[in-house]
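Chemist: Before anything else, here's the structure in question.
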2 protein chains.
Amino acid sequence: MPRQGLTTGRVTAAAADLADDVGLEQVTLTALAKHFEVATPSLYTHVRSQADVRTGVALLALAETADLVAAAIAGVSGRAALAALGGVWRTYAVEHPGRYAASRLPLDAETAAASAGRRHADLSRAALRGYRLSSADEVHAVRFLGATFHGYAALDAAGAFGHGAADAPASDESWERVLDGLDAILRSWEAR
Amino acid sequence: MPRQGLTTGRVTAAAADLADDVGLEQVTLTALAKHFEVATPSLYTHVRSQADVRTGVALLALAETADLVAAAIAGVSGRAALAALGGVWRTYAVEHPGRYAASRLPLDAETAAASAGRRHADLSRAALRGYRLSSADEVHAVRFLGATFHGYAALDAAGAFGHGAADAPASDESWERVLDGLDAILRSWEAR
DNA sequence: GGTTTTATCCTAATGCGCATAGGTAACGGC
DNA sequence: GCCGTTACCTATGCGCATTAGGATAAAACC
């Protein structure tokens, strides 16, 4: 029987697509093997373990989002830059829920060092450049934005904004208010 | 052989403790059964499934945190109320990581309706009472705070704040700045 | 206090998924 | 066309969730 031409990259990519389809938890080696019409143990030539696959998806997601952020924040500053940065995450979490979930997994120190995590930190700082913050404030601001954007995406994904009254304002409306608020804070920090 | 006197509540409580110890993912029915010195299938008299146990831990965590929030925000307002509300979540996420993780699980509509989720929404609004916001702004503010507090707890737990330079400011410092920022925003909304 | 009822806990068994070990044959270099 | 490499195979074992059906401890009743 002919070989399938599997590679680590193809397996990881398929795992990412599957995660977006059925959820990260449901990404099993068995399902991946079925997708490639291959016996389950055959995958072990290309990946070390199930956890290894998940880590691979996480690294893929971090790299993809870093590219998206880089493109989104190019040429904009201030509130527009915040909207661009936050919009990437909010959109990505909706369109690629499995990849997004993977990107939130804790990575061990060396994996994190080899990931696009550092690039994300740099990009976030770049997005804030227009506010002319002190370098200490920049760190606080990056954490603030990261917390708010990721928290928002998580709550939205968990449906926490839909549990309330039927006449509650739409999530989009709150999102704009959040961006307004963050922009106001950072502008006030600029003046210090 | 004597019976163990298991109940749904005792199983759920043990699951919560175990989750805090070894992580929510590692809470298996087998491990719980071992803890009670009982055969695994015996648990099915008290819980419907593994997912049911997790949901039970989530409901427990939501109820516990609602009590903590109620106690923390009693008699305070403004920035102090924000610190109280956020502090509950940040502390809880560190001291009870398994329960906290469970509290972030998506719940189906009827389970959510029976949970302390509604109480949390009411408590959050109560914490904001001092800002005298319009009712629409109150919803936006609750979402803003929820996103930021939970995002912060998640990033902190994932170690995202420790990956950077060794001389980076401590997380506590950023936390105070976040509270300052949120307080400033809400005070500005008050004036509208 | 003995009998009936209830339901807690048991053993047995199935199925799925991860993972390791060791064999076989397809491919790439020469 | 031969040879070495390795992608993929079958066989196997383990852990966990879950179902089915039986035994007995405990409670309920007279």
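Letters for chains follow the order of the structure tokens (A, B, ...), residue numbers begin at 1 for each chain, and ligand numbers begin at 1 in the order shown.
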Near stretch 156-166 of chain B, within 9 Å and counting only C-alpha atoms (C1' of nucleotides), which residues show up once chain neighbours fewer than 4 positions away are dropped, as JSON, numbers by chain?
Modeler: {"A": [104, 105, 106, 107, 109, 112, 113, 117, 118, 121, 143], "B": [90, 93, 94, 97, 151, 152, 170, 171]}
Chemist: Select from chain B every residue with an atom at most 10 Å from any atom of chain D, then for each give the shortest pair of atoms and their distance in Å to one decimal, using only C-alpha atoms (C1' of nucleotides), rows by chain and rising number, as a Markdown table.
Modeler:
| residue | atom | partner | partner_atom | distance |
| --- | --- | --- | --- | --- |
| B:Met1 | CA | D:DA25 | C1' | 7.9 |
| B:Pro2 | CA | D:DA25 | C1' | 6.9 |
| B:Arg3 | CA | D:DA25 | C1' | 7.1 |
| B:Thr28 | CA | D:DC16 | C1' | 7.7 |
| B:Leu29 | CA | D:DA17 | C1' | 8.0 |
| B:Thr30 | CA | D:DC16 | C1' | 7.2 |
| B:Ala31 | CA | D:DC16 | C1' | 9.9 |
| B:Thr40 | CA | D:DA17 | C1' | 9.3 |
| B:Pro41 | CA | D:DT18 | C1' | 8.0 |
| B:Tyr44 | CA | D:DT18 | C1' | 9.0 |
| B:Arg48 | CA | D:DT18 | C1' | 9.9 |
| B:Ser49 | CA | D:DA17 | C1' | 8.1 |
| B:Gln50 | CA | D:DA17 | C1' | 7.7 |
Chemist: Limited to all heavy atoms, could you put the picked residues into a file as an mmCIF file, in the first residue's frame?
Modeler:
data_model
loop_
_atom_site.group_PDB
_atom_site.id
_atom_site.type_symbol
_atom_site.label_atom_id
_atom_site.label_comp_id
_atom_site.auth_asym_id
_atom_site.auth_seq_id
_atom_site.Cartn_x
_atom_site.Cartn_y
_atom_site.Cartn_z
ATOM 1 N N MET B 1 -19.578 -6.049 54.070
ATOM 2 C CA MET B 1 -18.745 -4.838 54.246
ATOM 3 C C MET B 1 -19.621 -3.600 54.437
ATOM 4 O O MET B 1 -20.636 -3.447 53.751
ATOM 5 C CB MET B 1 -17.832 -4.655 53.036
ATOM 6 C CG MET B 1 -18.525 -4.872 51.713
ATOM 7 S SD MET B 1 -17.410 -5.215 50.369
ATOM 8 C CE MET B 1 -17.345 -7.026 50.428
ATOM 9 N N PRO B 2 -19.211 -2.729 55.342
ATOM 10 C CA PRO B 2 -20.048 -1.557 55.648
ATOM 11 C C PRO B 2 -20.092 -0.591 54.478
ATOM 12 O O PRO B 2 -19.146 -0.521 53.699
ATOM 13 C CB PRO B 2 -19.337 -0.934 56.859
ATOM 14 C CG PRO B 2 -17.921 -1.364 56.715
ATOM 15 C CD PRO B 2 -17.951 -2.713 56.084
ATOM 16 N N ARG B 3 -21.150 0.147 54.399
ATOM 17 C CA ARG B 3 -21.261 1.141 53.321
ATOM 18 C C ARG B 3 -20.440 2.381 53.654
ATOM 19 O O ARG B 3 -20.132 2.649 54.813
ATOM 20 C CB ARG B 3 -22.733 1.536 53.129
ATOM 21 C CG ARG B 3 -23.562 0.348 52.694
ATOM 22 C CD ARG B 3 -24.910 0.797 52.222
ATOM 23 N NE ARG B 3 -25.702 -0.355 51.839
ATOM 24 C CZ ARG B 3 -26.942 -0.273 51.396
ATOM 25 N NH1 ARG B 3 -27.526 0.901 51.298
ATOM 26 N NH2 ARG B 3 -27.604 -1.351 51.056
ATOM 27 N N THR B 28 -10.453 11.988 37.803
ATOM 28 C CA THR B 28 -11.074 10.835 37.159
ATOM 29 C C THR B 28 -11.982 10.137 38.160
ATOM 30 O O THR B 28 -11.786 10.239 39.376
ATOM 31 C CB THR B 28 -10.021 9.839 36.671
ATOM 32 O OG1 THR B 28 -9.472 9.151 37.801
ATOM 33 C CG2 THR B 28 -8.910 10.539 35.920
ATOM 34 N N LEU B 29 -12.950 9.436 37.642
ATOM 35 C CA LEU B 29 -13.832 8.680 38.526
ATOM 36 C C LEU B 29 -13.040 7.615 39.255
ATOM 37 O O LEU B 29 -13.313 7.313 40.421
ATOM 38 C CB LEU B 29 -14.961 8.051 37.710
ATOM 39 C CG LEU B 29 -15.939 9.053 37.114
ATOM 40 C CD1 LEU B 29 -17.017 8.337 36.324
ATOM 41 C CD2 LEU B 29 -16.580 9.893 38.208
ATOM 42 N N THR B 30 -12.055 7.054 38.586
ATOM 43 C CA THR B 30 -11.207 6.051 39.221
ATOM 44 C C THR B 30 -10.494 6.629 40.441
ATOM 45 O O THR B 30 -10.462 6.000 41.510
ATOM 46 C CB THR B 30 -10.172 5.531 38.213
ATOM 47 O OG1 THR B 30 -10.867 5.020 37.064
ATOM 48 C CG2 THR B 30 -9.325 4.439 38.810
ATOM 49 N N ALA B 31 -9.948 7.817 40.297
ATOM 50 C CA ALA B 31 -9.241 8.438 41.415
ATOM 51 C C ALA B 31 -10.200 8.747 42.559
ATOM 52 O O ALA B 31 -9.865 8.537 43.738
ATOM 53 C CB ALA B 31 -8.557 9.721 40.954
ATOM 54 N N THR B 40 -15.041 1.749 41.223
ATOM 55 C CA THR B 40 -15.403 2.868 40.351
ATOM 56 C C THR B 40 -16.895 2.915 39.987
ATOM 57 O O THR B 40 -17.525 3.962 40.122
ATOM 58 C CB THR B 40 -14.553 2.857 39.075
ATOM 59 O OG1 THR B 40 -13.182 2.845 39.434
ATOM 60 C CG2 THR B 40 -14.843 4.076 38.239
ATOM 61 N N PRO B 41 -17.485 1.819 39.544
ATOM 62 C CA PRO B 41 -18.885 1.908 39.121
ATOM 63 C C PRO B 41 -19.835 2.291 40.250
ATOM 64 O O PRO B 41 -20.958 2.727 39.995
ATOM 65 C CB PRO B 41 -19.196 0.489 38.621
ATOM 66 C CG PRO B 41 -17.881 -0.083 38.273
ATOM 67 C CD PRO B 41 -16.918 0.488 39.279
ATOM 68 N N TYR B 44 -21.582 5.691 40.231
ATOM 69 C CA TYR B 44 -22.680 6.023 39.329
ATOM 70 C C TYR B 44 -24.029 6.063 40.028
ATOM 71 O O TYR B 44 -25.014 6.521 39.460
ATOM 72 C CB TYR B 44 -22.711 5.044 38.150
ATOM 73 C CG TYR B 44 -21.657 5.372 37.134
ATOM 74 C CD1 TYR B 44 -20.365 4.889 37.277
ATOM 75 C CD2 TYR B 44 -21.941 6.198 36.051
ATOM 76 C CE1 TYR B 44 -19.382 5.208 36.354
ATOM 77 C CE2 TYR B 44 -20.962 6.513 35.128
ATOM 78 C CZ TYR B 44 -19.684 6.016 35.285
ATOM 79 O OH TYR B 44 -18.707 6.331 34.377
ATOM 80 N N ARG B 48 -24.041 11.083 37.463
ATOM 81 C CA ARG B 48 -24.463 10.505 36.190
ATOM 82 C C ARG B 48 -23.276 10.150 35.299
ATOM 83 O O ARG B 48 -23.346 9.204 34.525
ATOM 84 C CB ARG B 48 -25.369 11.490 35.447
ATOM 85 C CG ARG B 48 -26.834 11.132 35.490
ATOM 86 C CD ARG B 48 -27.597 11.875 34.411
ATOM 87 N NE ARG B 48 -27.454 13.328 34.530
ATOM 88 C CZ ARG B 48 -28.167 14.091 35.344
ATOM 89 N NH1 ARG B 48 -29.087 13.546 36.121
ATOM 90 N NH2 ARG B 48 -27.980 15.391 35.392
ATOM 91 N N SER B 49 -22.235 10.940 35.392
ATOM 92 C CA SER B 49 -21.107 10.757 34.486
ATOM 93 C C SER B 49 -19.932 11.582 34.986
ATOM 94 O O SER B 49 -20.056 12.378 35.918
ATOM 95 C CB SER B 49 -21.469 11.195 33.072
ATOM 96 O OG SER B 49 -21.668 12.593 33.055
ATOM 97 N N GLN B 50 -18.823 11.430 34.325
ATOM 98 C CA GLN B 50 -17.658 12.256 34.609
ATOM 99 C C GLN B 50 -17.972 13.732 34.372
ATOM 100 O O GLN B 50 -17.609 14.596 35.174
ATOM 101 C CB GLN B 50 -16.523 11.808 33.682
ATOM 102 C CG GLN B 50 -15.496 12.851 33.429
ATOM 103 C CD GLN B 50 -14.112 12.309 33.641
ATOM 104 O OE1 GLN B 50 -13.796 11.787 34.713
ATOM 105 N NE2 GLN B 50 -13.301 12.387 32.626
#
Chemist: Considering only C-alpha atoms (C1' of nucleotides), tabulate each residue of chain B that lies at most 8 Å from chain C along with its nearest interatomic pair and the corresponding distance in Å to one decimal; arrange the rows by chain and ascending residue number and present them as a Markdown table.
Modeler:
| residue | atom | partner | partner_atom | distance |
| --- | --- | --- | --- | --- |
| B:Arg3 | CA | C:DT8 | C1' | 7.1 |
| B:Val38 | CA | C:DC9 | C1' | 7.9 |
| B:Ala39 | CA | C:DC10 | C1' | 7.6 |
| B:Ser42 | CA | C:DC9 | C1' | 5.7 |
| B:Thr45 | CA | C:DT8 | C1' | 7.5 |
Chemist: Restrict the selected residues to all heavy atoms and save them as a short mmCIF file (atom, residue, chain, number, x, y, z; two decimals), in the first residue's frame.
Modeler:
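So result_10.cif came out as:
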data_model
loop_
_atom_site.label_atom_id
_atom_site.label_comp_id
_atom_site.auth_asym_id
_atom_site.auth_seq_id
_atom_site.Cartn_x
_atom_site.Cartn_y
_atom_site.Cartn_z
N ARG B 3 -21.15 0.15 54.40
CA ARG B 3 -21.26 1.14 53.32
C ARG B 3 -20.44 2.38 53.65
O ARG B 3 -20.13 2.65 54.81
CB ARG B 3 -22.73 1.54 53.13
CG ARG B 3 -23.56 0.35 52.69
CD ARG B 3 -24.91 0.80 52.22
NE ARG B 3 -25.70 -0.36 51.84
CZ ARG B 3 -26.94 -0.27 51.40
NH1 ARG B 3 -27.53 0.90 51.30
NH2 ARG B 3 -27.60 -1.35 51.06
N VAL B 38 -13.72 2.60 47.23
CA VAL B 38 -14.94 2.09 46.65
C VAL B 38 -14.64 1.70 45.21
O VAL B 38 -13.70 2.21 44.61
CB VAL B 38 -16.02 3.21 46.74
CG1 VAL B 38 -16.90 3.23 45.54
CG2 VAL B 38 -16.80 3.09 48.03
N ALA B 39 -15.40 0.78 44.64
CA ALA B 39 -15.20 0.42 43.24
C ALA B 39 -15.73 1.53 42.35
O ALA B 39 -16.71 2.20 42.69
CB ALA B 39 -15.92 -0.88 42.92
N SER B 42 -19.40 2.14 41.49
CA SER B 42 -20.26 2.50 42.61
C SER B 42 -20.62 3.98 42.61
O SER B 42 -21.66 4.38 43.14
CB SER B 42 -19.58 2.16 43.94
OG SER B 42 -19.24 0.79 43.97
N THR B 45 -24.07 5.60 41.26
CA THR B 45 -25.30 5.77 42.04
C THR B 45 -25.49 7.25 42.40
O THR B 45 -26.62 7.70 42.58
CB THR B 45 -25.21 4.94 43.33
OG1 THR B 45 -24.97 3.58 42.98
CG2 THR B 45 -26.50 5.02 44.13
#
Chemist: Taking the chain letters and numbering used in this document, name the residues of stretch 1-189 of chain A that DSSP puts in alpha helix (DSSP H), as a VMD selection string.
Modeler: chain A and resid 8 to 22 29 to 36 50 to 73 79 to 95 97 to 103 109 to 114 117 to 127 135 to 157 171 to 189
